[in-house]
file model_13.pdb (PDB, C-alpha atoms and all ligand atoms)
ATOM      1  CA  MET Z 180       0.000   0.000   0.000
ATOM      2  CA  ILE Z 181       1.176   3.503  -0.793
ATOM      3  CA  LYS Z 182      -0.084   6.883   0.473
ATOM      4  CA  VAL Z 183      -0.451   9.524  -2.207
ATOM      5  CA  ASP Z 184      -1.309  13.230  -2.329
ATOM      6  CA  PHE Z 185      -3.011  13.412  -5.740
ATOM      7  CA  HIS Z 186      -3.229  17.215  -6.066
ATOM      8  CA  VAL Z 187      -0.135  19.386  -5.596
ATOM      9  CA  HIS Z 188       0.778  22.708  -7.233
ATOM     10  CA  THR Z 189       4.240  24.174  -7.741
ATOM     11  CA  LYS Z 190       5.264  27.763  -8.441
ATOM     12  CA  TYR Z 191       4.774  26.948 -12.138
ATOM     13  CA  SER Z 192       1.068  27.475 -11.444
ATOM     14  CA  SER Z 193       0.437  31.215 -11.707
ATOM     15  CA  ASP Z 194      -1.341  31.238  -8.319
ATOM     16  CA  ALA Z 195       1.070  29.011  -6.338
ATOM     17  CA  SER Z 196       4.447  29.531  -4.656
ATOM     18  CA  THR Z 197       5.823  26.110  -3.670
ATOM     19  CA  ARG Z 198       9.262  25.382  -5.092
ATOM     20  CA  PRO Z 199       9.882  21.936  -6.629
ATOM     21  CA  LYS Z 200      12.777  21.504  -4.178
ATOM     22  CA  THR Z 201      10.436  21.983  -1.223
ATOM     23  CA  ILE Z 202       8.007  19.334  -2.471
ATOM     24  CA  VAL Z 203      10.798  16.798  -2.923
ATOM     25  CA  SER Z 204      12.418  17.412   0.466
ATOM     26  CA  GLN Z 205       9.068  17.452   2.301
ATOM     27  CA  LEU Z 206       7.976  14.230   0.632
ATOM     28  CA  HIS Z 207      11.291  12.613   1.479
ATOM     29  CA  MET Z 208      10.943  13.697   5.107
ATOM     30  CA  HIS Z 209       7.278  12.802   5.479
ATOM     31  CA  PRO Z 210       6.720   9.804   7.777
ATOM     32  CA  PHE Z 211       4.185   8.042   5.524
ATOM     33  CA  ILE Z 212       3.098  10.032   2.440
ATOM     34  CA  LYS Z 213       5.610   8.939  -0.189
ATOM     35  CA  ALA Z 214       4.020   9.843  -3.512
ATOM     36  CA  ALA Z 215       2.572  13.017  -5.016
ATOM     37  CA  ALA Z 216       0.880  13.942  -8.260
ATOM     38  CA  ILE Z 217       2.029  17.312  -9.578
ATOM     39  CA  THR Z 218      -1.093  18.970 -10.965
ATOM     40  CA  ASP Z 219      -0.229  22.514 -11.979
ATOM     41  CA  HIS Z 220      -2.761  24.671 -13.776
ATOM     42  CA  ASN Z 221      -2.362  24.138 -17.529
ATOM     43  CA  THR Z 222       1.337  23.242 -17.492
ATOM     44  CA  VAL Z 223       3.574  20.209 -16.914
ATOM     45  CA  GLN Z 224       6.758  22.271 -16.437
ATOM     46  CA  GLY Z 225       6.615  21.967 -12.652
ATOM     47  CA  PHE Z 226       6.132  18.207 -12.884
ATOM     48  CA  HIS Z 227       9.323  17.839 -14.952
ATOM     49  CA  LYS Z 228      11.309  19.903 -12.418
ATOM     50  CA  VAL Z 229       9.975  17.956  -9.438
ATOM     51  CA  ARG Z 230      10.559  14.588 -11.083
ATOM     52  CA  GLU Z 231      14.098  15.516 -12.004
ATOM     53  CA  LEU Z 232      14.903  16.506  -8.408
ATOM     54  CA  ALA Z 233      13.051  13.472  -6.997
ATOM     55  CA  SER Z 234      15.095  11.037  -9.083
ATOM     56  CA  ALA Z 235      17.858  11.329  -6.455
ATOM     57  CA  TYR Z 236      15.587   9.714  -3.831
ATOM     58  CA  LYS Z 237      14.568   6.068  -3.863
ATOM     59  CA  ASP Z 238      11.762   6.373  -1.308
ATOM     60  CA  ILE Z 239       9.504   8.837  -3.148
ATOM     61  CA  LEU Z 240       7.457   8.781  -6.333
ATOM     62  CA  ILE Z 241       6.218  11.659  -8.496
ATOM     63  CA  ILE Z 242       3.108  11.096 -10.626
ATOM     64  CA  PRO Z 243       2.634  13.218 -13.758
ATOM     65  CA  GLY Z 244      -0.504  15.324 -13.883
ATOM     66  CA  VAL Z 245      -2.101  18.565 -14.938
ATOM     67  CA  GLU Z 246      -5.167  20.497 -13.790
ATOM     68  CA  VAL Z 247      -6.760  21.742 -16.977
ATOM     69  CA  SER Z 248      -8.948  24.848 -16.778
ATOM     70  CA  ALA Z 249     -11.661  23.523 -19.074
ATOM     71  CA  VAL Z 250     -14.402  25.917 -20.092
ATOM     72  CA  GLU Z 251     -17.017  24.190 -17.901
ATOM     73  CA  GLY Z 252     -14.738  23.594 -14.898
ATOM     74  CA  ASP Z 253     -11.439  22.076 -13.761
ATOM     75  CA  LEU Z 254     -10.341  18.560 -14.698
ATOM     76  CA  ILE Z 255      -7.243  16.712 -13.513
ATOM     77  CA  ILE Z 256      -5.517  14.286 -15.864
ATOM     78  CA  LEU Z 257      -3.011  11.919 -14.286
ATOM     79  CA  GLY Z 258      -0.383   9.865 -16.076
ATOM     80  CA  LEU Z 259       0.208  12.154 -19.052
ATOM     81  CA  THR Z 260       3.053  14.583 -19.631
ATOM     82  CA  GLU Z 261       1.469  16.601 -22.422
ATOM     83  CA  LEU Z 262      -1.387  19.072 -22.596
ATOM     84  CA  PRO Z 263      -4.508  18.503 -24.674
ATOM     85  CA  PRO Z 264      -4.940  20.762 -27.706
ATOM     86  CA  LYS Z 265      -7.353  23.670 -27.340
ATOM     87  CA  PRO Z 266     -10.251  24.367 -27.173
ATOM     88  CA  TRP Z 267     -10.347  22.927 -23.672
ATOM     89  CA  THR Z 268     -13.918  21.786 -23.415
ATOM     90  CA  VAL Z 269     -14.527  18.986 -20.939
ATOM     91  CA  GLU Z 270     -15.323  16.584 -23.783
ATOM     92  CA  ASN Z 271     -12.126  17.429 -25.688
ATOM     93  CA  VAL Z 272      -9.970  17.050 -22.587
ATOM     94  CA  ILE Z 273     -11.593  13.713 -21.698
ATOM     95  CA  ASP Z 274     -11.239  12.373 -25.260
ATOM     96  CA  PHE Z 275      -7.562  13.343 -25.299
ATOM     97  CA  ALA Z 276      -6.933  11.667 -21.940
ATOM     98  CA  LYS Z 277      -8.827   8.481 -22.861
ATOM     99  CA  GLU Z 278      -6.915   8.047 -26.115
ATOM    100  CA  ARG Z 279      -3.679   8.110 -24.131
ATOM    101  CA  GLU Z 280      -4.922   6.089 -21.165
ATOM    102  CA  GLY Z 281      -4.677   8.964 -18.737
ATOM    103  CA  LEU Z 282      -6.742   8.893 -15.561
ATOM    104  CA  ILE Z 283      -9.407  11.585 -15.341
ATOM    105  CA  VAL Z 284     -10.288  13.023 -11.934
ATOM    106  CA  VAL Z 285     -12.930  15.653 -11.213
ATOM    107  CA  PRO Z 286     -11.319  17.937  -8.608
ATOM    108  CA  HIS Z 287     -13.386  19.796  -5.966
ATOM    109  CA  PRO Z 288     -16.649  19.389  -7.935
ATOM    110  CA  TYR Z 289     -18.663  21.765  -5.732
ATOM    111  CA  ARG Z 290     -16.085  24.506  -5.209
ATOM    112  CA  VAL Z 291     -15.611  27.456  -7.549
ATOM    113  CA  TYR Z 292     -14.273  26.195 -10.922
ATOM    114  CA  GLY Z 293     -15.738  22.792 -10.093
ATOM    115  CA  LEU Z 294     -17.876  20.826 -12.542
ATOM    116  CA  GLY Z 295     -20.672  20.328 -10.019
ATOM    117  CA  ASP Z 296     -23.487  17.972 -10.948
ATOM    118  CA  SER Z 297     -22.553  18.234 -14.640
ATOM    119  CA  ALA Z 298     -19.735  15.756 -13.858
ATOM    120  CA  ARG Z 299     -22.478  13.105 -14.090
ATOM    121  CA  ASN Z 300     -22.701  13.677 -17.839
ATOM    122  CA  HIS Z 301     -19.082  12.739 -18.476
ATOM    123  CA  ASP Z 302     -17.023   9.565 -18.633
ATOM    124  CA  VAL Z 303     -14.531  10.258 -15.839
ATOM    125  CA  ASP Z 304     -12.497   7.797 -13.758
ATOM    126  CA  ALA Z 305     -12.611   9.242 -10.236
ATOM    127  CA  ILE Z 306     -13.953  12.067  -8.095
ATOM    128  CA  GLU Z 307     -11.829  14.087  -5.682
ATOM    129  CA  VAL Z 308     -13.893  13.496  -2.537
ATOM    130  CA  LEU Z 309     -11.454  15.108  -0.146
ATOM    131  CA  ASN Z 310      -9.742  18.348  -1.168
ATOM    132  CA  GLY Z 311      -7.528  20.080   1.386
ATOM    133  CA  LEU Z 312      -8.763  23.564   0.471
ATOM    134  CA  THR Z 313     -12.464  22.752   0.344
ATOM    135  CA  SER Z 314     -15.059  22.991   3.106
ATOM    136  CA  ARG Z 315     -16.377  19.895   4.845
ATOM    137  CA  MET Z 316     -19.792  20.452   3.306
ATOM    138  CA  TYR Z 317     -18.505  20.591  -0.272
ATOM    139  CA  ASN Z 318     -16.265  17.581   0.315
ATOM    140  CA  ARG Z 319     -19.277  15.647   1.620
ATOM    141  CA  MET Z 320     -21.243  16.585  -1.475
ATOM    142  CA  ALA Z 321     -18.329  15.323  -3.588
ATOM    143  CA  GLU Z 322     -18.369  12.038  -1.662
ATOM    144  CA  LYS Z 323     -22.042  11.646  -2.415
ATOM    145  CA  LEU Z 324     -21.399  12.376  -6.094
ATOM    146  CA  ALA Z 325     -18.744   9.631  -6.228
ATOM    147  CA  ARG Z 326     -21.090   7.194  -4.495
ATOM    148  CA  THR Z 327     -24.017   7.849  -6.801
ATOM    149  CA  MET Z 328     -21.783   7.711  -9.898
ATOM    150  CA  ASN Z 329     -20.218   4.524  -8.535
ATOM    151  CA  LEU Z 330     -16.727   5.981  -8.957
ATOM    152  CA  PRO Z 331     -13.621   5.805  -6.758
ATOM    153  CA  GLY Z 332     -12.960   8.771  -4.469
ATOM    154  CA  VAL Z 333      -9.469  10.207  -4.160
ATOM    155  CA  ALA Z 334      -7.921  12.861  -1.919
ATOM    156  CA  GLY Z 335      -5.499  15.672  -2.672
ATOM    157  CA  SER Z 336      -4.270  18.632  -0.647
ATOM    158  CA  ASP Z 337      -4.497  21.101  -3.585
ATOM    159  CA  ALA Z 338      -1.546  22.792  -1.856
ATOM    160  CA  HIS Z 339      -0.520  26.086  -3.428
ATOM    161  CA  THR Z 340       1.925  26.967  -0.618
ATOM    162  CA  PRO Z 341       4.304  24.735   1.405
ATOM    163  CA  ASP Z 342       2.181  24.907   4.575
ATOM    164  CA  GLN Z 343      -0.777  23.437   2.666
ATOM    165  CA  LEU Z 344       1.058  20.264   1.623
ATOM    166  CA  TRP Z 345      -0.082  16.771   2.724
ATOM    167  CA  THR Z 346      -3.207  17.791   4.667
ATOM    168  CA  VAL Z 347      -5.026  14.874   3.061
ATOM    169  CA  TYR Z 348      -3.916  11.761   1.214
ATOM    170  CA  THR Z 349      -5.167   8.658  -0.549
ATOM    171  CA  GLU Z 350      -4.325   5.122   0.497
ATOM    172  CA  VAL Z 351      -3.826   3.114  -2.680
ATOM    173  CA  GLN Z 352      -3.489  -0.669  -2.781
ATOM    174  CA  ALA Z 353      -0.509  -0.522  -5.112
ATOM    175  CA  SER Z 354       3.267  -0.618  -5.210
ATOM    176  CA  GLN Z 355       5.562   2.380  -5.717
ATOM    177  CA  ASP Z 356       4.869   2.553  -9.452
ATOM    178  CA  VAL Z 357       2.861   5.106 -11.463
ATOM    179  CA  ASP Z 358       1.000   2.622 -13.697
ATOM    180  CA  ASP Z 359       0.259   0.327 -10.779
ATOM    181  CA  ILE Z 360      -1.145   3.249  -8.774
ATOM    182  CA  LEU Z 361      -3.318   4.589 -11.612
ATOM    183  CA  ASN Z 362      -4.670   1.106 -12.359
ATOM    184  CA  ALA Z 363      -5.498   0.616  -8.680
ATOM    185  CA  VAL Z 364      -7.398   3.927  -8.668
ATOM    186  CA  LYS Z 365      -9.420   2.800 -11.694
ATOM    187  CA  LYS Z 366     -10.272  -0.416  -9.848
ATOM    188  CA  GLY Z 367     -11.356   1.555  -6.795
ATOM    189  CA  LEU Z 368      -8.607   0.203  -4.530
ATOM    190  CA  VAL Z 369      -8.430   3.531  -2.705
ATOM    191  CA  ARG Z 370      -9.379   5.231   0.528
ATOM    192  CA  ALA Z 371      -9.341   8.989   1.125
ATOM    193  CA  ALA Z 372      -7.934  10.112   4.473
ATOM    194  CA  SER Z 373      -6.945  13.227   6.393
ATOM    195  CA  THR Z 374      -3.726  13.809   8.338
ATOM    196  CA  GLU Z 375      -5.536  16.234  10.621
ATOM    197  CA  LYS Z 376      -7.044  14.766  13.788
ATOM    198  CA  SER Z 377     -10.748  15.457  13.969
TER     199      SER Z 377
HETATM  200 ZN    ZN V 401      -5.690  22.644  -7.873
END
call {"tool": "encode", "arguments": {"input": "model_13.pdb", "output": "structure tokens"}}
result
Amino acid sequence: MIKVDFHVHTKYSSDASTRPKTIVSQLHMHPFIKAAAITDHNTVQGFHKVRELASAYKDILIIPGVEVSAVEGDLIILGLTELPPKPWTVENVIDFAKEREGLIVVPHPYRVYGLGDSARNHDVDAIEVLNGLTSRMYNRMAEKLARTMNLPGVAGSDAHTPDQLWTVYTEVQASQDVDDILNAVKKGLVRAASTEKS
């Protein structure tokens, strides 16, 4: 089993400040979260930087990702290192990801820039049921959405600053391998959890 933060921004997102170096050293030092998906807004530059730095450490894994600002709302694609061509409609982004076997996650469906109930109309792989920057109420609504769509629920901190890293994580029944992890998510071998004591 591996514990993954599936939603992390670097300073390559226009609204975030975390340096790739900080993500790598914090992940290396973390007692149990050992993998992170880098999901910058509309760029994979940060992912490449983080992965390069992380290659010096055997105990951590960096998963490629991007949070695409689609016209109707945000979508996260995991497992791909290229951006879809524009126009970024939800359908276009999903088609692009499917053709390349990327994993499609609907982040924070009920927060601003979320897809909301319209997520039901699309062929996505997972719902972000626990987002570190989203209220309890909206996270609960996301959980319900995942349940009624019969989709796996994943967790991600959505950290834009170093202090926001690793607030939540996903337990995945997989080894320390990107393909293994993404396949396990598709099969629903996941559990969303919080590092904060309630
Ligand atoms: Zn985000």
call {"tool": "closest_residue", "arguments": {"input": "model_13.pdb", "among": "Z:Val187, Z:Val308, Z:Ala371, Z:Val333", "to": "ligand ZN 401 (chain V)", "atoms": "only C-alpha atoms and all ligand atoms"}}
result
Z:Val187
call {"tool": "closest_residue", "arguments": {"input": "model_13.pdb", "among": "Z:Val245, Z:Val269, Z:Ala233, Z:Ala372", "to": "Leu282 of chain Z", "atoms": "all atoms listed in the file"}}
result
Z:Val245
call {"tool": "residues_near_ligand", "arguments": {"input": "model_13.pdb", "ligand": "ligand ZN 401 (chain V)", "cutoff": "7 Å", "atoms": "all atoms listed in the file", "output": "number ranges by chain"}}
result
Z: 186-188, 218-220, 246, 337
call {"tool": "residues_near_point", "arguments": {"input": "model_13.pdb", "point": "(-5.7, 10.3, -24.2)", "cutoff": "12 Å", "atoms": "only C-alpha atoms", "output": "ChimeraX atom specification"}}
result
/Z:256-264,270-283
call {"tool": "closest_residue", "arguments": {"input": "model_13.pdb", "among": "Z:Leu368, Z:Val303, Z:Ile241, Z:Ala249", "to": "Ala216 of chain Z", "atoms": "all atoms listed in the file"}}
result
Z:Ile241
call {"tool": "resolve_selection", "arguments": {"input": "model_13.pdb", "expression": "the PyMOL selection byres (((chain Z and resi 203) around 12) and not hetatm)", "output": "MDAnalysis selection string"}}
result
chainID Z and resid 187 189 197:202 204:209 212:217 225:226 228:241 341 344
call {"tool": "closest_residue", "arguments": {"input": "model_13.pdb", "among": "Z:Thr374, Z:Gln224, Z:Thr349, Z:Asn318", "to": "Gly295 of chain Z", "atoms": "all atoms listed in the file"}}
result
Z:Asn318
call {"tool": "residues_around", "arguments": {"input": "model_13.pdb", "residues": "Leu324 of chain Z", "least_positions_apart": "4", "cutoff": "8 Å", "atoms": "all atoms listed in the file", "output": "list of chain:residue names"}}
result
Z:Asp296, Z:Ile306, Z:Met320, Z:Met328
call {"tool": "write_last_selection", "arguments": {"input": "model_13.pdb", "atoms": "C-alpha atoms", "output": "tab-separated table (two decimals), keeping the file's coordinate frame"}}
result
chain	number	residue	atom	x	y	z
Z	296	ASP	CA	-23.49	17.97	-10.95
Z	306	ILE	CA	-13.95	12.07	-8.10
Z	320	MET	CA	-21.24	16.58	-1.48
Z	328	MET	CA	-21.78	7.71	-9.90
call {"tool": "closest_residue", "arguments": {"input": "model_13.pdb", "among": "Z:Met180, Z:Val223, Z:Ala334, Z:Ile242", "to": "His287 of chain Z", "atoms": "only C-alpha atoms"}}
result
Z:Ala334
